[in-house]
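> For reference, this is final_9.txt, and it has compact mmCIF, C-alpha atoms.
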```txt
# COMPACT_ATOMS: atom_id res chain seq x y z
CA MET A 1 63.32 78.34 60.96
CA ASP A 2 62.32 79.20 57.40
CA VAL A 3 62.59 82.82 56.36
CA SER A 4 59.57 84.28 54.62
CA TYR A 5 59.94 86.62 51.68
CA ASP A 6 59.58 89.71 53.83
CA ASP A 7 61.68 88.54 56.80
CA ILE A 8 64.82 90.30 55.63
CA ASP A 9 63.33 93.80 55.69
CA HIS A 10 65.52 95.28 58.43
CA SER A 11 63.51 98.48 58.53
CA SER A 12 62.77 100.30 61.75
CA GLU A 13 59.94 102.31 63.27
CA SER A 14 56.95 102.48 60.92
CA GLU A 15 58.55 100.00 58.51
CA ASN A 16 58.02 97.23 61.05
CA GLU A 17 54.29 97.54 60.56
CA SER A 18 52.40 95.30 58.14
CA THR A 19 54.51 94.89 55.04
CA ALA A 20 51.95 93.25 52.77
CA PRO A 21 48.91 95.52 52.33
CA ARG A 22 46.34 94.50 49.71
CA LEU A 23 45.67 96.95 46.93
CA THR A 24 41.99 96.75 47.73
CA GLY A 25 40.56 97.52 51.13
CA ALA A 26 43.86 98.59 52.66
CA LYS A 27 43.33 100.74 55.72
CA ARG A 28 46.59 102.54 55.24
CA ARG A 29 47.06 104.41 51.99
CA LEU A 30 50.50 104.08 50.41
CA SER A 31 51.69 105.86 47.31
CA ALA A 32 52.58 103.86 44.23
CA GLU A 33 56.26 104.51 44.94
CA ASP A 34 55.90 102.81 48.35
CA LEU A 35 54.36 99.65 46.94
CA LYS A 36 55.86 96.60 45.24
CA GLN A 37 53.15 94.87 43.20
CA TYR A 38 52.86 91.16 42.43
CA THR A 39 50.45 88.90 40.62
CA THR A 40 49.75 85.62 42.43
CA THR A 41 49.35 82.25 40.73
CA ASP A 42 45.59 82.80 41.06
CA GLY A 43 45.85 86.02 39.07
CA GLU A 44 45.21 88.24 42.10
CA VAL A 45 47.17 91.50 42.29
CA VAL A 46 48.72 92.10 45.70
CA ALA A 47 51.26 94.54 47.02
CA ARG A 48 53.58 95.00 49.93
CA LYS A 49 55.57 97.90 51.25
CA ARG A 50 58.98 98.19 49.61
CA THR A 51 61.95 97.15 51.72
CA THR A 52 64.89 99.40 52.43
CA VAL A 53 67.17 97.85 49.82
CA GLU A 54 64.42 98.20 47.20
CA ARG A 55 63.71 101.82 48.10
CA GLU A 56 67.39 102.77 48.18
CA SER A 57 68.02 101.11 44.81
CA SER A 58 64.92 102.72 43.33
CA LYS A 59 65.95 106.19 44.52
CA ARG A 60 69.24 105.80 42.69
CA ARG A 61 67.94 104.06 39.57
CA ALA A 62 68.33 107.13 37.37
CA ALA A 63 71.88 107.79 38.60
CA ALA A 64 72.78 104.12 38.25
CA THR A 65 71.31 103.97 34.73
CA GLU A 66 73.36 106.99 33.74
CA VAL A 67 76.55 105.37 35.04
CA VAL A 68 75.83 101.99 33.45
CA SER A 69 74.97 103.57 30.09
CA HIS A 70 78.48 105.03 29.93
CA MET A 71 80.24 101.77 30.82
CA PRO A 72 81.51 100.10 27.65
CA ALA A 73 80.41 96.56 26.92
CA ILE A 74 83.96 95.85 25.72
CA GLU A 75 87.28 96.91 27.20
CA LEU A 76 88.59 100.18 25.83
CA PRO A 77 92.02 100.10 24.15
CA ALA A 78 93.32 102.84 26.48
CA VAL A 79 92.19 104.22 29.83
CA GLU A 80 93.32 107.60 31.06
CA ALA A 81 93.44 106.62 34.72
CA TYR A 82 95.94 105.18 37.16
CA ILE A 83 96.02 101.40 37.09
CA PRO A 84 98.71 99.95 39.37
CA GLN A 85 100.88 97.73 37.21
CA THR A 86 102.03 95.75 40.26
CA LEU A 87 98.52 94.29 40.48
CA SER A 88 98.62 92.91 36.93
CA GLY A 89 99.14 89.17 37.26
CA ALA A 90 98.91 89.30 41.06
CA ILE A 91 97.09 86.76 43.21
CA PHE A 92 94.17 88.38 45.05
CA CYS A 93 93.44 86.73 48.38
CA GLY A 94 91.13 87.47 51.29
CA HIS A 95 91.46 86.64 54.98
CA LEU A 96 91.36 83.41 56.92
CA VAL A 97 87.86 82.33 57.94
CA THR A 98 86.82 83.30 54.44
CA ASP A 99 83.55 85.16 53.96
CA LEU A 100 81.56 86.35 50.96
CA ASP A 101 83.17 89.79 50.68
CA SER A 102 86.71 88.36 50.67
CA ILE A 103 85.79 85.91 47.90
CA ALA A 104 83.73 88.30 45.77
CA GLY A 105 86.33 91.03 46.26
CA ALA A 106 89.12 88.72 45.11
CA ILE A 107 87.10 87.68 42.05
CA GLY A 108 86.22 91.28 41.19
CA ALA A 109 89.74 92.62 41.70
CA ALA A 110 91.28 89.80 39.67
CA GLU A 111 88.92 90.55 36.78
CA LEU A 112 89.54 94.29 36.97
CA TYR A 113 93.32 94.24 37.27
CA GLY A 114 94.09 91.04 35.37
CA GLY A 115 95.09 88.66 38.14
CA ILE A 116 94.11 85.40 39.82
CA PRO A 117 91.49 85.08 42.58
CA ALA A 118 92.33 82.86 45.55
CA ARG A 119 90.78 81.76 48.81
CA ALA A 120 92.56 81.67 52.14
CA SER A 121 90.31 78.96 53.61
CA GLU A 122 87.14 77.03 52.84
CA VAL A 123 84.03 79.03 51.95
CA ASN A 124 80.89 79.26 54.11
CA SER A 125 77.33 78.42 53.08
CA GLU A 126 76.42 81.97 52.11
CA THR A 127 79.42 82.21 49.80
CA ALA A 128 78.67 78.77 48.36
CA PHE A 129 75.13 79.96 47.60
CA ALA A 130 76.39 83.06 45.76
CA LEU A 131 78.94 81.07 43.75
CA LYS A 132 76.27 78.57 42.68
CA HIS A 133 73.64 81.24 42.03
CA TRP A 134 75.91 83.17 39.67
CA GLY A 135 77.64 80.13 38.17
CA VAL A 136 81.10 81.17 39.35
CA GLU A 137 83.86 78.67 39.99
CA LYS A 138 85.19 78.64 43.54
CA PRO A 139 88.67 80.24 43.70
CA ARG A 140 91.50 77.83 44.30
CA PRO A 141 93.45 77.66 47.60
CA ILE A 142 96.15 80.29 47.96
CA GLU A 143 98.71 77.62 48.91
CA GLU A 144 98.43 75.97 45.49
CA LEU A 145 98.53 79.21 43.53
CA LEU A 146 101.62 80.48 45.35
CA VAL A 147 103.53 77.34 44.35
CA GLU A 148 102.31 77.43 40.75
CA ASN A 149 103.05 81.16 40.39
CA PRO A 150 106.35 81.63 42.28
CA THR A 151 107.01 85.13 40.92
CA ALA A 152 103.50 86.51 41.28
CA GLY A 153 102.82 89.21 43.84
CA VAL A 154 99.96 89.00 46.31
CA CYS A 155 97.29 91.66 46.85
CA LEU A 156 95.41 91.30 50.11
CA VAL A 157 91.69 91.99 49.90
CA ASP A 158 89.30 92.64 52.79
CA HIS A 159 92.10 92.57 55.41
CA GLN A 160 95.57 93.82 56.29
CA GLN A 161 96.14 92.25 59.73
CA THR A 162 98.85 89.62 60.13
CA SER A 163 96.50 87.71 62.45
CA GLN A 164 94.10 87.21 59.53
CA LEU A 165 96.78 86.46 56.94
CA ASN A 166 97.09 82.96 55.52
CA PRO A 167 100.46 81.70 56.85
CA ALA A 168 101.47 80.53 53.37
CA ILE A 169 101.74 84.17 52.23
CA ASP A 170 105.23 85.64 52.62
CA VAL A 171 104.90 89.32 53.48
CA THR A 172 107.69 90.12 51.01
CA ARG A 173 105.37 89.03 48.18
CA ILE A 174 102.59 91.47 49.12
CA VAL A 175 102.21 94.17 46.47
CA GLY A 176 98.87 95.67 47.48
CA VAL A 177 96.03 95.98 49.97
CA ILE A 178 92.39 96.73 49.16
CA ASP A 179 90.35 96.89 52.34
CA HIS A 180 87.70 98.66 54.40
CA HIS A 181 88.84 97.90 57.96
CA ALA A 182 90.71 99.95 60.54
CA LEU A 183 94.52 99.86 60.78
CA GLN A 184 95.57 98.38 64.12
CA ASN A 185 98.65 97.00 65.86
CA ALA A 186 98.87 93.85 63.75
CA THR A 187 98.81 95.65 60.38
CA ILE A 188 101.33 94.24 57.92
CA VAL A 189 104.70 95.98 57.56
CA THR A 190 106.48 95.98 54.19
CA ASP A 191 110.03 96.90 53.17
CA MET A 192 108.92 98.61 49.96
CA PRO A 193 105.98 100.88 49.08
CA ILE A 194 102.89 98.97 47.96
CA TYR A 195 99.51 99.86 46.47
CA ILE A 196 97.03 100.75 49.22
CA ASP A 197 93.30 101.38 48.79
CA ILE A 198 91.48 101.51 52.13
CA ARG A 199 88.16 103.30 52.42
CA PRO A 200 85.65 103.56 55.29
CA TRP A 201 82.86 101.93 53.33
CA GLY A 202 80.56 99.06 54.22
CA SER A 203 82.12 96.46 51.94
CA MET A 204 85.39 95.82 50.15
CA SER A 205 83.34 94.88 47.08
CA THR A 206 81.93 98.41 47.06
CA ILE A 207 85.49 99.67 46.52
CA ILE A 208 86.10 97.27 43.63
CA THR A 209 82.78 98.19 42.03
CA HIS A 210 83.65 101.88 42.32
CA ASN A 211 87.02 101.18 40.70
CA PHE A 212 85.27 99.46 37.78
CA VAL A 213 83.15 102.58 37.37
CA THR A 214 85.98 105.12 37.63
CA LEU A 215 88.11 103.10 35.21
CA ASN A 216 85.14 102.95 32.84
CA ARG A 217 85.16 99.18 32.75
CA ARG A 218 82.14 96.91 32.90
CA PRO A 219 82.35 93.78 35.07
CA THR A 220 80.88 90.56 33.73
CA LYS A 221 77.36 89.78 34.85
CA LYS A 222 78.62 86.97 37.10
CA THR A 223 81.19 89.16 38.80
CA ALA A 224 78.68 91.97 39.24
CA GLY A 225 76.31 89.50 40.88
CA MET A 226 78.97 88.24 43.27
CA MET A 227 79.93 91.76 44.33
CA LEU A 228 76.26 92.66 44.79
CA CYS A 229 75.76 89.70 47.13
CA ALA A 230 78.91 90.66 49.05
CA ILE A 231 77.74 94.22 49.66
CA LEU A 232 74.31 93.01 50.78
CA SER A 233 76.03 90.61 53.17
CA ASP A 234 78.52 93.04 54.72
CA THR A 235 75.99 95.88 55.09
CA LEU A 236 73.20 93.60 56.36
CA ASN A 237 71.03 94.42 53.36
CA LEU A 238 71.99 98.13 53.53
CA GLN A 239 70.66 98.29 57.11
CA GLY A 240 73.90 97.88 59.08
CA PRO A 241 75.67 100.83 60.74
CA THR A 242 78.63 100.61 58.33
CA THR A 243 76.43 101.32 55.29
CA THR A 244 77.42 104.44 53.34
CA GLU A 245 75.96 106.35 50.41
CA TRP A 246 78.62 104.70 48.23
CA ASP A 247 77.34 101.24 49.18
CA ARG A 248 73.79 102.23 48.26
CA LEU A 249 74.81 103.68 44.90
CA MET A 250 77.03 100.72 43.98
CA VAL A 251 74.19 98.32 44.85
CA ALA A 252 71.90 100.23 42.49
CA ILE A 253 74.51 99.99 39.74
CA LEU A 254 75.22 96.29 40.33
CA VAL A 255 71.50 95.47 40.31
CA GLN A 256 71.42 96.68 36.71
CA LEU A 257 74.73 95.15 35.66
CA ALA A 258 73.77 91.76 37.10
CA GLY A 259 70.22 91.94 35.72
CA VAL A 260 68.60 91.41 39.12
CA GLU A 261 64.85 91.98 38.98
CA ASP A 262 64.18 91.40 42.68
CA VAL A 263 67.09 92.36 44.94
CA GLN A 264 65.07 91.70 48.10
CA MET A 265 64.46 88.10 47.06
CA LEU A 266 68.19 87.69 46.38
CA ALA A 267 69.07 89.03 49.84
CA SER A 268 66.46 86.79 51.45
CA GLN A 269 67.82 83.70 49.70
CA GLN A 270 71.45 84.31 50.63
CA PHE A 271 70.68 85.12 54.27
CA LYS A 272 68.55 81.99 54.47
CA ALA A 273 71.48 79.99 53.08
CA LYS A 274 73.75 81.50 55.74
CA SER A 275 71.40 80.60 58.61
CA HIS A 276 70.51 77.06 57.53
CA GLU A 277 74.10 75.85 57.85
CA LEU A 278 74.48 77.11 61.42
CA ALA A 279 71.95 74.79 63.07
CA GLY A 280 74.03 71.71 62.29
CA LEU A 281 77.42 73.10 63.31
CA SER A 282 79.21 72.10 66.50
CA ALA A 283 80.01 74.70 69.16
CA SER A 284 83.66 74.72 68.11
CA MET A 285 82.74 75.29 64.46
CA LEU A 286 80.37 78.12 65.39
CA ILE A 287 82.97 80.07 67.36
CA ASN A 288 85.63 79.56 64.69
CA GLY A 289 83.44 80.22 61.66
CA ASP A 290 83.99 83.99 61.75
CA GLN A 291 86.56 84.73 64.41
CA LYS A 292 89.14 87.53 64.26
CA VAL A 293 91.96 88.26 66.68
CA PHE A 294 93.04 91.78 67.68
CA THR A 295 96.33 92.54 69.43
CA PHE A 296 96.76 95.40 71.92
CA LYS A 297 99.78 96.94 73.60
CA THR A 298 99.31 99.63 76.24
CA ASP A 299 100.86 100.49 79.59
CA HIS A 300 98.12 98.50 81.31
CA PHE A 301 97.44 95.62 78.96
CA GLN A 302 99.38 93.65 76.40
CA GLY A 303 97.73 90.73 74.69
CA SER A 304 95.23 89.49 72.14
CA VAL A 305 91.44 89.51 72.18
CA GLY A 306 89.43 87.25 69.92
CA PHE A 307 86.00 88.27 68.70
CA ALA A 308 83.83 85.71 66.93
CA VAL A 309 80.52 86.56 65.28
CA VAL A 310 77.58 84.44 64.20
CA GLU A 311 75.05 86.21 61.98
CA THR A 312 71.70 84.49 61.69
CA THR A 313 68.02 85.03 61.03
CA ASP A 314 67.17 82.86 64.06
CA ASP A 315 69.41 83.61 67.04
CA GLU A 316 67.39 81.40 69.39
CA VAL A 317 68.78 78.31 67.67
CA ILE A 318 72.31 79.48 68.48
CA LEU A 319 71.60 80.82 71.98
CA HIS A 320 70.03 77.46 72.87
CA LYS A 321 73.59 76.10 72.66
CA THR A 322 74.99 78.69 75.10
CA PRO A 323 76.38 76.14 77.65
CA GLU A 324 78.27 74.30 74.90
CA LEU A 325 79.45 77.56 73.33
CA LEU A 326 80.83 78.86 76.64
CA VAL A 327 82.88 75.68 77.09
CA ALA A 328 84.13 75.89 73.51
CA LEU A 329 85.09 79.57 73.97
CA ALA A 330 87.11 78.79 77.10
CA GLU A 331 88.91 75.89 75.41
CA ASP A 332 89.63 77.85 72.24
CA LYS A 333 90.88 80.82 74.26
CA GLU A 334 93.38 78.62 76.12
CA ALA A 335 94.48 76.76 72.99
CA LYS A 336 95.25 80.01 71.14
CA GLY A 337 96.81 81.80 74.09
CA LEU A 338 94.28 84.62 74.00
CA GLN A 339 93.62 86.91 76.95
CA ALA A 340 89.91 87.15 76.11
CA LEU A 341 87.50 85.64 73.59
CA PHE A 342 83.95 86.76 72.83
CA LEU A 343 81.13 85.46 70.67
CA GLY A 344 78.54 87.91 69.34
CA VAL A 345 75.30 86.30 68.15
CA VAL A 346 73.74 88.79 65.72
CA ASN A 347 70.11 88.58 64.66
CA ILE A 348 70.23 90.07 61.16
CA VAL A 349 66.44 90.43 61.00
CA ALA A 350 65.84 92.18 64.33
CA LEU A 351 69.29 93.84 64.20
CA ARG A 352 70.19 92.93 67.77
CA THR A 353 73.16 91.16 69.39
CA ASN A 354 73.75 88.94 72.39
CA LEU A 355 77.36 88.67 73.58
CA LEU A 356 78.59 85.44 75.16
CA VAL A 357 81.25 85.88 77.88
CA CYS A 358 83.10 82.78 79.05
CA GLY A 359 85.05 84.05 82.07
CA PRO A 360 86.03 86.88 84.43
CA ALA A 361 88.29 88.59 81.88
CA GLU A 362 85.54 88.70 79.28
CA ARG A 363 82.99 89.87 81.85
CA SER A 364 85.26 92.69 83.00
CA LEU A 365 86.13 93.79 79.46
CA ALA A 366 82.49 93.61 78.35
CA GLU A 367 81.43 95.86 81.23
CA ALA A 368 84.17 98.36 80.39
CA SER A 369 83.42 98.27 76.66
CA PHE A 370 79.64 98.22 76.68
CA PRO A 371 78.39 100.20 79.69
CA ASN A 372 74.83 100.14 78.33
CA GLY A 373 74.83 96.39 77.88
CA LYS A 374 72.65 94.29 80.18
CA PHE A 375 73.74 90.91 81.51
CA ILE A 376 71.25 88.07 81.28
CA PRO A 377 71.94 85.58 84.09
CA ASN A 378 71.84 81.85 83.35
CA GLU A 379 70.03 79.24 85.44
CA ASP A 380 72.78 79.44 88.06
CA GLY A 381 72.52 83.20 88.20
CA GLU A 382 75.87 83.78 86.49
CA PRO A 383 76.14 86.62 83.94
CA CYS A 384 77.21 84.72 80.83
CA VAL A 385 75.28 86.62 78.17
CA MET A 386 75.15 90.39 77.65
CA ASP A 387 72.37 92.00 75.64
CA LEU A 388 74.08 94.59 73.42
CA GLY A 389 70.83 95.93 71.99
CA SER A 390 71.09 97.39 68.49
CA LEU A 391 74.89 97.04 68.19
CA VAL A 392 75.50 94.62 65.31
CA SER A 393 78.81 95.40 63.59
CA ARG A 394 82.16 94.03 64.71
CA LYS A 395 83.95 96.64 62.60
CA LYS A 396 81.98 99.68 63.75
CA ASP A 397 80.38 98.69 67.07
CA PHE A 398 82.26 95.90 68.84
CA ILE A 399 85.98 96.37 68.21
CA PRO A 400 86.01 100.18 68.54
CA ALA A 401 84.30 99.78 71.92
CA VAL A 402 86.79 97.15 73.07
CA THR A 403 89.71 99.22 71.77
CA GLY A 404 88.40 102.27 73.61
CA ALA A 405 88.16 100.36 76.88
CA VAL A 406 91.72 99.08 76.54
CA LYS A 407 93.05 102.54 75.72
CA ARG A 408 91.24 103.98 78.75
CA GLY A 409 93.27 101.71 81.00
CA TRP A 410 91.41 98.40 81.20
CA THR A 411 93.54 95.62 82.57
CA LEU A 412 93.07 91.92 83.23
CA PRO A 413 91.28 91.26 86.54
CA LYS A 414 93.35 89.49 89.15
```
Would you write the structure of this file as structure tokens?


Amino acid sequence: MDVSYDDIDHSSESENESTAPRLTGAKRRLSAEDLKQYTTTDGEVVARKRTTVERESSKRRAAATEVVSHMPAIELPAVEAYIPQTLSGAIFCGHLVTDLDSIAGAIGAAELYGGIPARASEVNSETAFALKHWGVEKPRPIEELLVENPTAGVCLVDHQQTSQLNPAIDVTRIVGVIDHHALQNATIVTDMPIYIDIRPWGSMSTIITHNFVTLNRRPTKKTAGMMLCAILSDTLNLQGPTTTEWDRLMVAILVQLAGVEDVQMLASQQFKAKSHELAGLSASMLINGDQKVFTFKTDHFQGSVGFAVVETTDDEVILHKTPELLVALAEDKEAKGLQALFLGVVNIVALRTNLLVCGPAERSLAEASFPNGKFIPNEDGEPCVMDLGSLVSRKKDFIPAVTGAVKRGWTLPK
């Protein structure tokens, strides 16, 4: 499925109405601020309703311009702000099952603090698009950099769970964490104090961008572009439930720093790149492409729950493979010794999710976690898919719900 220019407008209510009114003869009158005008190849002037990311960036253009105008084009000789010296020369590395935010965050942090960006695993198609679009070299594998820099510390970006940590990283080498996820049972434990910067924002790259601003440093155009793409990805084009005012403001700033004239087109292109790769992936690759494991320990349940996510503009292509995906989930669950394993198929255009459940444990935990979810029976009448409605975020919607169910006393069915 090809994505049209306007497909990635995740707006709700009235915004789902016609998004391309003509300037002439339009039945619905829109103010100039609501319209984005274009001139076609035939010289005809047309307009469409602005998308959310365009409106939010436009609202903050004055504030962003003010911030950018005070950011020096060259590094100042002295900065009256705290800059952790332990991060100077450190290797910045994201989590396993690498995504765009973990790569862009590592690149941004390395540029800001004077370190080396690394990748914990191979990049996905969306990240590859951003790297190519901005002309940025792909970070090298963390395993190589650790050997070549035996005395360098490691700063984790976009994660702090041991289950998401590349096994080549010795915890004793960790000197910092920059993240935007919740602290849970598998959070790293260090012998010495380290630098910690964890904020409840929509993207780790938002944090790095904010640090550039507060330290009065200007990122390069390429780095600004990478961080912009990362925020758009993690916040689902500023439409996801994790989006904060800080994400919106940093996007407005990065749009100017990266010289992006059409941020909606950029978002459309990167989401299209993400979805095109999925159609050709095997069931095993789909469930392992973005899978995270969470460990729990209560009086009623001790074990690990895996939660994989596939974000796409065309969820029907993925859901068509449900029988294969259920088999792959069951096999992967057994191979990894997990007590439960889910796959959430998220439609990033409609902002809806279908949850695949591969067995009795998953079915029981899904019912306890998502009481408003509705099972969709398969051809045999078995409830293998649950419609989660407008829940779309693993960080804010899925894992908190699962954690809540476990804490309330959920236990494995006999």

> Just give me the gap between CA of Leu87 (chain A) and CA of Leu232 (chain A) in Å, one decimal is fine.

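Those two atoms sit 26.3 Å apart.
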
> Please report the interatomic distance between CA of Val309 (chain A) and CA of Cys93 (chain A) in Å with one decimal.

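Separation between CA of Val309 (chain A) and CA of Cys93 (chain A): 21.3 Å.
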
> Just checking: using all atoms listed in the file, which residue out of A:Ala64, A:Ala47, A:Ala104, A:Ile196 ends up closest to Ala224 (chain A)?

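Checking each of A:Ala64, A:Ala47, A:Ala104, A:Ile196 against Ala224 (chain A), counting all atoms listed in the file, the winner is A:Ala104.
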
> Show which residues sit within 12 Å of Lys414 (chain A), as a list in words. Count all atoms listed in the file, and ignore same-chain residues fewer than 5 positions away.

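So, after excluding close chain neighbours, the residues are Pro360, Ala361 and Ser364 of chain A.
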
> Near Thr151 (chain A), within 12 Å and counting only C-alpha atoms, which residues show up once chain neighbours fewer than 5 positions away are dropped, as a PyMOL selection string?

chain A and resi 86+89-91+145-146+170+172-175

> Do a neighbour search on Arg218 (chain A) at 7 Å with all atoms listed in the file, toss out local chain neighbours closer than 2 positions, and write the hits as a VMD selection string.

chain A and resid 71 to 73 212 216 220

> How about saving the chosen residues, C-alpha atoms kept, as a PDB file, in the coordinates of the input?


```pdb
ATOM      1  CA  MET A  71      80.240 101.770  30.820  1.00  0.00           C
ATOM      2  CA  PRO A  72      81.510 100.100  27.650  1.00  0.00           C
ATOM      3  CA  ALA A  73      80.410  96.560  26.920  1.00  0.00           C
ATOM      4  CA  PHE A 212      85.270  99.460  37.780  1.00  0.00           C
ATOM      5  CA  ASN A 216      85.140 102.950  32.840  1.00  0.00           C
ATOM      6  CA  THR A 220      80.880  90.560  33.730  1.00  0.00           C
TER       7      THR A 220
END
```

> With distances taken over all atoms listed in the file, which of A:Lys132, A:Pro150, A:Leu165, A:Met265 is nearest to Arg50 (chain A)?

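Looking only at the distances to Arg50 (chain A), the closest residue turns out to be A:Met265.
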
> Closest to Trp410 (chain A) among A:Ser369, A:Ser284, A:Thr295, A:Thr52, using all atoms listed in the file?

A:Ser369

> Neighbours of Val157 (chain A) within 7 Å (only C-alpha atoms; same-chain residues fewer than 5 positions away dropped), as an MDAnalysis selection string?

chainID A and resid 92:94 102 105:106 177:179

> What is the CA of Pro200 (chain A)-CA of Thr235 (chain A) distance in Å, reported with one decimal?

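Going from CA of Pro200 (chain A) over to CA of Thr235 (chain A) covers 12.3 Å.
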
> Which residue is closest to Glu56 (chain A)? Choose from A:Val123, A:Asn166, A:Asp247, A:Gly108 and count only C-alpha atoms.

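Smallest separation from Glu56 (chain A) among the options: A:Asp247.
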
> Applying 7 Å and all atoms listed in the file, which residues near Ser205 (chain A) remain after dropping the ones on its own chain fewer than 4 positions away? List them as a count of residues only.

7
